[in-house]
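Colleague: Below is structure16.cif; it holds mmCIF, C-alpha atoms.
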data_work
loop_
_atom_site.label_atom_id
_atom_site.label_comp_id
_atom_site.auth_asym_id
_atom_site.auth_seq_id
_atom_site.Cartn_x
_atom_site.Cartn_y
_atom_site.Cartn_z
CA GLU K 22 66.13 139.83 51.62
CA ALA K 23 65.92 137.77 48.43
CA GLY K 24 67.75 139.32 45.51
CA VAL K 25 66.71 139.91 41.92
CA ALA K 26 66.04 136.55 40.26
CA GLN K 27 66.67 135.96 36.57
CA SER K 28 66.29 132.95 34.32
CA PRO K 29 67.66 131.27 32.39
CA ARG K 30 71.34 131.80 33.27
CA TYR K 31 72.54 130.85 29.81
CA LYS K 32 70.91 130.59 26.40
CA ILE K 33 72.33 129.66 23.00
CA ILE K 34 70.21 130.23 19.91
CA GLU K 35 70.71 130.59 16.18
CA LYS K 36 70.21 133.91 14.47
CA ARG K 37 66.63 134.68 13.45
CA GLN K 38 65.29 132.57 16.34
CA SER K 39 63.39 134.11 19.24
CA VAL K 40 64.26 134.09 22.94
CA ALA K 41 62.71 135.31 26.17
CA PHE K 42 64.21 136.22 29.53
CA TRP K 43 62.43 136.43 32.85
CA CYS K 44 63.05 138.65 35.88
CA ASN K 45 61.57 138.75 39.37
CA PRO K 46 62.61 141.91 41.23
CA ILE K 47 63.14 142.38 44.93
CA SER K 48 59.80 142.47 46.72
CA GLY K 49 58.48 146.00 47.07
CA HIS K 50 60.74 147.49 44.41
CA ALA K 51 58.60 149.64 42.14
CA THR K 52 61.23 150.33 39.49
CA LEU K 53 62.59 147.62 37.19
CA TYR K 54 65.29 147.91 34.53
CA TRP K 55 66.67 145.77 31.74
CA TYR K 56 70.30 146.40 30.80
CA GLN K 57 72.36 144.89 28.00
CA GLN K 58 76.06 144.32 28.65
CA ILE K 59 78.17 143.48 25.61
CA LEU K 60 81.58 141.97 26.33
CA GLY K 61 84.12 144.65 27.23
CA GLN K 62 81.49 147.36 27.69
CA GLY K 63 79.47 148.73 30.57
CA PRO K 64 75.78 147.90 30.99
CA LYS K 65 73.50 149.88 28.68
CA LEU K 66 69.89 150.61 29.64
CA LEU K 67 67.28 149.05 27.36
CA ILE K 68 64.07 149.82 29.24
CA GLN K 69 62.90 151.18 32.59
CA PHE K 70 59.53 150.39 34.20
CA GLN K 71 57.83 152.20 37.05
CA ASN K 72 55.31 149.68 38.41
CA ASN K 73 53.85 148.33 35.14
CA GLY K 74 54.33 151.51 33.10
CA VAL K 75 57.27 152.25 30.78
CA VAL K 76 59.37 155.24 31.88
CA ASP K 77 62.16 155.05 29.31
CA ASP K 78 62.55 152.75 26.31
CA SER K 79 64.50 155.15 24.12
CA GLN K 80 67.39 152.69 23.63
CA LEU K 81 65.28 149.59 23.07
CA PRO K 82 65.48 148.32 19.45
CA LYS K 83 61.73 148.11 19.13
CA ASP K 84 61.77 146.35 15.77
CA ARG K 85 63.05 143.20 17.48
CA PHE K 86 62.99 143.72 21.26
CA SER K 87 59.91 143.88 23.46
CA ALA K 88 59.38 143.90 27.20
CA GLU K 89 56.47 143.81 29.55
CA ARG K 90 55.88 143.97 33.26
CA LEU K 91 52.48 142.57 34.06
CA LYS K 92 50.93 143.48 37.40
CA GLY K 93 53.97 145.60 38.25
CA VAL K 94 56.07 142.68 39.48
CA ASP K 95 57.73 140.13 37.15
CA SER K 96 59.04 141.17 33.78
CA THR K 97 59.93 139.45 30.52
CA LEU K 98 62.26 140.66 27.78
CA LYS K 99 61.89 139.13 24.32
CA ILE K 100 64.05 139.25 21.22
CA GLN K 101 62.51 138.23 17.90
CA PRO K 102 64.32 137.65 15.59
CA ALA K 103 67.75 137.55 17.18
CA LYS K 104 70.88 138.86 15.45
CA LEU K 105 74.51 137.96 16.05
CA GLU K 106 75.12 141.38 17.67
CA ASP K 107 72.52 140.59 20.35
CA SER K 108 75.06 138.27 22.00
CA ALA K 109 75.46 139.81 25.45
CA VAL K 110 74.55 139.47 29.10
CA TYR K 111 71.06 140.76 29.84
CA LEU K 112 70.84 142.17 33.34
CA CYS K 113 67.68 142.91 35.26
CA ALA K 114 67.80 145.40 38.12
CA SER K 115 65.29 146.87 40.55
CA SER K 116 65.17 149.75 43.00
CA ILE K 117 62.79 151.29 45.52
CA GLN K 118 61.03 154.42 44.41
CA THR K 119 63.14 157.02 46.20
CA ALA K 120 65.72 159.48 44.95
CA ASN K 121 69.30 158.25 44.82
CA SER K 122 68.44 154.66 45.71
CA PRO K 123 70.99 152.23 44.26
CA LEU K 124 70.00 149.61 41.72
CA HIS K 125 70.16 145.96 42.73
CA PHE K 126 71.11 143.63 39.90
CA GLY K 127 70.39 139.99 39.19
CA ASN K 128 73.10 137.64 37.93
CA GLY K 129 72.02 138.09 34.34
CA THR K 130 71.30 135.85 31.37
CA ARG K 131 74.20 135.22 29.02
CA LEU K 132 72.86 135.02 25.45
CA THR K 133 74.93 133.62 22.61
CA VAL K 134 73.56 133.97 19.10
CA THR K 135 75.26 131.76 16.51
CA ASP Q 130 78.73 159.35 22.92
CA GLN Q 131 80.33 157.91 26.06
CA GLN Q 132 79.10 160.13 28.89
CA VAL Q 133 80.92 158.17 31.60
CA LYS Q 134 84.50 157.14 30.90
CA GLN Q 135 86.89 154.82 32.63
CA ASN Q 136 90.11 155.16 30.71
CA SER Q 137 92.03 152.38 32.44
CA PRO Q 138 90.78 148.95 31.34
CA SER Q 139 92.93 147.23 33.94
CA LEU Q 140 94.93 147.89 37.09
CA SER Q 141 97.21 145.66 39.19
CA VAL Q 142 98.01 146.52 42.80
CA GLN Q 143 100.02 144.77 45.49
CA GLU Q 144 98.02 143.44 48.42
CA GLY Q 145 97.99 145.94 51.30
CA ARG Q 146 98.64 148.94 49.06
CA ILE Q 147 96.13 151.54 47.88
CA SER Q 148 94.04 150.98 44.75
CA ILE Q 149 92.86 154.09 42.93
CA LEU Q 150 90.25 153.76 40.19
CA ASN Q 151 89.34 156.78 38.10
CA CYS Q 152 86.23 157.92 36.27
CA ASP Q 153 85.39 160.97 34.17
CA TYR Q 154 82.00 162.21 33.02
CA THR Q 155 80.86 164.74 30.45
CA ASN Q 156 77.19 165.34 31.30
CA SER Q 157 76.90 168.29 33.70
CA MET Q 158 73.38 167.16 34.63
CA PHE Q 159 74.77 164.15 36.50
CA ASP Q 160 74.53 164.72 40.24
CA TYR Q 161 74.69 161.26 41.77
CA PHE Q 162 77.54 158.85 41.28
CA LEU Q 163 77.98 155.22 42.21
CA TRP Q 164 80.60 152.51 42.07
CA TYR Q 165 79.64 148.92 41.39
CA LYS Q 166 81.80 145.83 41.74
CA LYS Q 167 81.34 142.81 39.49
CA TYR Q 168 82.65 139.28 39.88
CA PRO Q 169 82.57 136.85 36.93
CA ALA Q 170 79.16 135.30 36.21
CA GLU Q 171 77.48 137.59 38.74
CA GLY Q 172 75.59 140.84 38.42
CA PRO Q 173 77.11 144.14 39.53
CA THR Q 174 76.80 144.83 43.26
CA PHE Q 175 76.53 148.30 44.71
CA LEU Q 176 79.66 149.43 46.54
CA ILE Q 177 79.49 153.12 47.42
CA SER Q 178 77.88 156.33 46.18
CA ILE Q 179 78.27 160.08 46.42
CA SER Q 180 75.94 163.00 45.84
CA SER Q 181 77.17 166.12 44.08
CA ILE Q 182 76.68 168.15 47.25
CA LYS Q 183 79.63 166.29 48.76
CA ASP Q 184 83.22 165.88 47.67
CA LYS Q 185 84.01 162.78 49.71
CA ASN Q 186 82.22 159.74 51.04
CA GLU Q 187 83.84 157.00 53.08
CA ASP Q 188 82.71 153.48 53.95
CA GLY Q 189 85.29 151.32 55.65
CA ARG Q 190 88.16 150.64 53.26
CA PHE Q 191 86.37 152.42 50.40
CA THR Q 192 86.40 156.17 49.79
CA VAL Q 193 84.96 157.99 46.80
CA PHE Q 194 86.16 161.49 45.90
CA LEU Q 195 84.26 163.84 43.60
CA ASN Q 196 85.75 166.84 41.79
CA LYS Q 197 82.79 168.55 40.14
CA SER Q 198 84.80 171.25 38.40
CA ALA Q 199 86.94 168.60 36.71
CA LYS Q 200 83.99 166.23 36.22
CA HIS Q 201 86.10 163.52 37.79
CA LEU Q 202 85.63 160.98 40.52
CA SER Q 203 87.84 158.32 41.98
CA LEU Q 204 87.50 155.28 44.20
CA HIS Q 205 90.20 154.56 46.73
CA ILE Q 206 90.53 151.13 48.33
CA VAL Q 207 92.93 150.87 51.22
CA PRO Q 208 94.32 148.47 52.16
CA SER Q 209 93.67 146.38 49.05
CA GLN Q 210 92.78 142.73 49.63
CA PRO Q 211 92.73 139.72 47.25
CA GLY Q 212 88.92 139.63 47.45
CA ASP Q 213 88.86 143.10 45.89
CA SER Q 214 89.92 141.60 42.56
CA ALA Q 215 86.93 142.29 40.28
CA VAL Q 216 85.70 144.63 37.57
CA TYR Q 217 84.67 148.04 38.91
CA PHE Q 218 82.07 150.15 37.13
CA CYS Q 219 81.50 153.83 37.64
CA ALA Q 220 77.91 154.98 37.09
CA ALA Q 221 76.05 158.28 37.16
CA SER Q 222 72.50 159.59 37.19
CA ALA Q 223 70.71 162.93 36.96
CA SER Q 224 68.16 164.34 39.41
CA GLY Q 225 64.71 162.87 39.28
CA ASN Q 226 65.77 159.85 37.28
CA GLU Q 227 67.26 156.72 38.79
CA LYS Q 228 68.47 155.56 35.36
CA LEU Q 229 72.20 154.86 35.53
CA THR Q 230 74.76 155.49 32.81
CA PHE Q 231 77.76 153.21 33.22
CA GLY Q 232 81.41 153.44 32.29
CA THR Q 233 83.20 150.58 30.54
CA GLY Q 234 84.77 149.23 33.72
CA THR Q 235 88.26 148.72 35.15
CA ARG Q 236 89.51 145.26 35.97
CA LEU Q 237 91.35 145.39 39.29
CA THR Q 238 93.77 142.60 40.16
CA ILE Q 239 95.23 142.44 43.66
CA ILE Q 240 98.56 140.65 43.71
CA PRO Q 241 99.18 138.64 46.91
#
Can the structure in the file be given as structure tokens, please?

Modeller:
Amino acid sequence: EAGVAQSPRYKIIEKRQSVAFWCNPISGHATLYWYQQILGQGPKLLIQFQNNGVVDDSQLPKDRFSAERLKGVDSTLKIQPAKLEDSAVYLCASSIQTANSPLHFGNGTRLTVT
Amino acid sequence: DQQVKQNSPSLSVQEGRISILNCDYTNSMFDYFLWYKKYPAEGPTFLISISSIKDKNEDGRFTVFLNKSAKHLSLHIVPSQPGDSAVYFCAASASGNEKLTFGTGTRLTIIP
């Protein structure tokens, strides 16, 4: 079974620039998540999709972050404009649509904002 | 508000001995708990889970214990091996929602 694919692996941008991350979940996984992991902290949920609908985006800074999941498969997360505090690893995860099914994570995109 | 807490940022254990990682939670709605293991430059990988209807779940060298009254869970690894050196995250979710809330992680180092 192929895992969750994310790209790019690393990205360095200057503050106020924009950036986009891409995620391809495990085939057949209806639920997709974007997490932000700041150095020294645990992953924090940004947004949760069920198929192509948003389930939870309560912790997404909507003034600068946006995400979409077209056709219920791939997803993109965008930051515009970026701030220094956005430097983090952005993790995509997916799960099958059953209770208590574990999340499967990709290797993440490490973003550095200078 | 940190709903899942891992108070030990790091832990060193001799190879072959038992490693015990601890986790506390504050949200009484949490009823499903997981441990994830993370190597550098990789995403977290699922290790073991436990439902609140149980107080113990075992998978090979890994055992998770849940004490609901104390809102505490622990992960036991025995015997510890060098490949177990990683950051371990405790996570929790509430019924009907797969969304996970993570702790801050404990870095486990196994000393050969």

Colleague: Check the smallest atom-to-atom distance from each of Q:Ser198, Q:Leu204, Q:Gly212, Q:Trp164 to chain K using only C-alpha atoms, then report the winner.

Modeller: Q:Trp164

Colleague: Once the PyMOL selection byres ((chain Q and resi 135) around 7) has been evaluated on this model, what residues remain selected, and can you format them as a list in words?

Modeller: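 So the PyMOL selection byres ((chain Q and resi 135) around 7) ends up selecting Val133, Lys134, Asn136, Ser137, Asn151, Cys152, Asp153, Gly232, Thr233, Gly234 and Thr235 of chain Q.
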
Colleague: Nearest residue to Q:Ala220 out of K:Gly24, K:Thr133, K:Lys65, K:Ser39, using all atoms listed in the file?

Modeller: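 Result for the nearest residue to Q:Ala220: K:Lys65.
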
Colleague: Would you translate the PyMOL selection byres ((chain Q) within 7 of (chain K)) into the concrete set of residues it matches in this file, as a PyMOL selection string?

Modeller: chain Q and resi 161+170-175+225+227+231-234

Colleague: One decimal, Å: what's the distance from atom CA of K:Leu53 over to atom CA of Q:Phe162, could you say?

Modeller: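 Interatomic distance here is 19.1 Å.
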
Colleague: If you measure from atom CA of Q:Ile179 to atom CA of K:Ser48, what distance in Å do you get, rounded to one decimal?

Modeller: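 Atom-to-atom, atom CA of Q:Ile179 and atom CA of K:Ser48 are spaced 25.5 Å apart.
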
Colleague: With distances taken over only C-alpha atoms, which residue among Q:Leu163, Q:Ile206, Q:Ala215, Q:Ile182 lies nearest Q:Glu144?

Modeller: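 Once distances to Q:Glu144 are computed over only C-alpha atoms, the minimum belongs to Q:Ile206.
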
Colleague: Within 12 Å of K:Val40, counting all atoms listed in the file, which residues qualify if same-chain residues fewer than 3 places away don't, as a PyMOL selection string?

Modeller: chain K and resi 28-29+31-37+43+85-88+97-104+107-108+111+130-134

Colleague: Using Å and a single decimal, report how far atom CA of K:Ala26 sits from atom CA of Q:Asp160.

Modeller: 29.4 Å

Colleague: List the residues matched by the PyMOL selection byres ((chain Q and resi 156) around 9) in the displayed structure as a list in words, ordered by chain and then by residue number.

Modeller: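 Taken over the shown coordinates, the PyMOL selection byres ((chain Q and resi 156) around 9) returns Gln132, Val133, Tyr154, Thr155, Ser157, Met158, Phe159, Lys200 and Ala223 of chain Q.
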
Colleague: Of the residues K:Asp78, K:Gln27, K:Ala51, K:Phe42, which is the one nearest to K:Ser115, using all atoms listed in the file?

Modeller: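 Checking each of K:Asp78, K:Gln27, K:Ala51, K:Phe42 against K:Ser115, counting all atoms listed in the file, the winner is K:Ala51.
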
Colleague: What box, with edges along x, y and z, holds each listed atom of stretch 26-44 of chain K when 8 Å is added on every side, and can you state its centre and edge lengths in Å to one decimal, as JSON?

Modeller:
{"center_x": 67.5, "center_y": 134.2, "center_z": 26.9, "size_x": 26.1, "size_y": 25.0, "size_z": 42.8}

Colleague: Can you work out which one of K:Ala109, K:Thr135, K:Ala23, K:Leu81 has the shortest atom-to-atom distance to K:His50, counting all atoms listed in the file?

Modeller: K:Ala23

Colleague: Return stretch 170-185 of chain Q, completed with N, CA, C and O atoms, as an mmCIF file, in the coordinates of the input.

Modeller:
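File written: result_0.cif
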data_model
loop_
_atom_site.group_PDB
_atom_site.id
_atom_site.type_symbol
_atom_site.label_atom_id
_atom_site.label_comp_id
_atom_site.auth_asym_id
_atom_site.auth_seq_id
_atom_site.Cartn_x
_atom_site.Cartn_y
_atom_site.Cartn_z
ATOM 1 N N ALA Q 170 80.417 136.060 36.184
ATOM 2 C CA ALA Q 170 79.160 135.300 36.210
ATOM 3 C C ALA Q 170 78.186 135.803 37.274
ATOM 4 O O ALA Q 170 77.233 135.096 37.627
ATOM 5 N N GLU Q 171 78.427 136.989 37.802
ATOM 6 C CA GLU Q 171 77.480 137.590 38.740
ATOM 7 C C GLU Q 171 77.081 138.972 38.236
ATOM 8 O O GLU Q 171 77.773 139.574 37.419
ATOM 9 N N GLY Q 172 75.962 139.482 38.762
ATOM 10 C CA GLY Q 172 75.590 140.840 38.420
ATOM 11 C C GLY Q 172 76.388 141.846 39.217
ATOM 12 O O GLY Q 172 77.007 141.508 40.227
ATOM 13 N N PRO Q 173 76.417 143.100 38.766
ATOM 14 C CA PRO Q 173 77.110 144.140 39.530
ATOM 15 C C PRO Q 173 76.476 144.316 40.906
ATOM 16 O O PRO Q 173 75.256 144.240 41.045
ATOM 17 N N THR Q 174 77.313 144.550 41.909
ATOM 18 C CA THR Q 174 76.800 144.830 43.260
ATOM 19 C C THR Q 174 77.214 146.232 43.668
ATOM 20 O O THR Q 174 78.346 146.658 43.423
ATOM 21 N N PHE Q 175 76.288 146.928 44.292
ATOM 22 C CA PHE Q 175 76.530 148.300 44.710
ATOM 23 C C PHE Q 175 77.618 148.345 45.773
ATOM 24 O O PHE Q 175 77.639 147.547 46.710
ATOM 25 N N LEU Q 176 78.532 149.302 45.629
ATOM 26 C CA LEU Q 176 79.660 149.430 46.540
ATOM 27 C C LEU Q 176 79.549 150.702 47.378
ATOM 28 O O LEU Q 176 79.507 150.678 48.600
ATOM 29 N N ILE Q 177 79.506 151.843 46.727
ATOM 30 C CA ILE Q 177 79.490 153.120 47.420
ATOM 31 C C ILE Q 177 78.981 154.184 46.473
ATOM 32 O O ILE Q 177 79.098 154.035 45.252
ATOM 33 N N SER Q 178 78.410 155.260 47.021
ATOM 34 C CA SER Q 178 77.880 156.330 46.180
ATOM 35 C C SER Q 178 78.253 157.685 46.764
ATOM 36 O O SER Q 178 78.713 157.793 47.915
ATOM 37 N N ILE Q 179 78.048 158.723 45.961
ATOM 38 C CA ILE Q 179 78.270 160.080 46.420
ATOM 39 C C ILE Q 179 77.342 161.026 45.684
ATOM 40 O O ILE Q 179 77.123 160.887 44.472
ATOM 41 N N SER Q 180 76.782 161.963 46.423
ATOM 42 C CA SER Q 180 75.940 163.000 45.840
ATOM 43 C C SER Q 180 76.811 164.193 45.479
ATOM 44 O O SER Q 180 77.860 164.415 46.096
ATOM 45 N N SER Q 181 76.365 164.982 44.530
ATOM 46 C CA SER Q 181 77.170 166.120 44.080
ATOM 47 C C SER Q 181 77.294 167.229 45.118
ATOM 48 O O SER Q 181 78.088 168.152 44.948
ATOM 49 N N ILE Q 182 76.538 167.124 46.205
ATOM 50 C CA ILE Q 182 76.680 168.150 47.250
ATOM 51 C C ILE Q 182 77.866 167.840 48.156
ATOM 52 O O ILE Q 182 78.228 168.641 49.019
ATOM 53 N N LYS Q 183 78.463 166.677 47.973
ATOM 54 C CA LYS Q 183 79.630 166.290 48.760
ATOM 55 C C LYS Q 183 80.843 166.167 47.858
ATOM 56 O O LYS Q 183 80.720 166.039 46.636
ATOM 57 N N ASP Q 184 82.026 166.161 48.453
ATOM 58 C CA ASP Q 184 83.220 165.880 47.670
ATOM 59 C C ASP Q 184 83.947 164.619 48.144
ATOM 60 O O ASP Q 184 84.938 164.202 47.541
ATOM 61 N N LYS Q 185 83.387 163.999 49.199
ATOM 62 C CA LYS Q 185 84.010 162.780 49.710
ATOM 63 C C LYS Q 185 82.972 161.951 50.446
ATOM 64 O O LYS Q 185 82.127 162.492 51.162
#
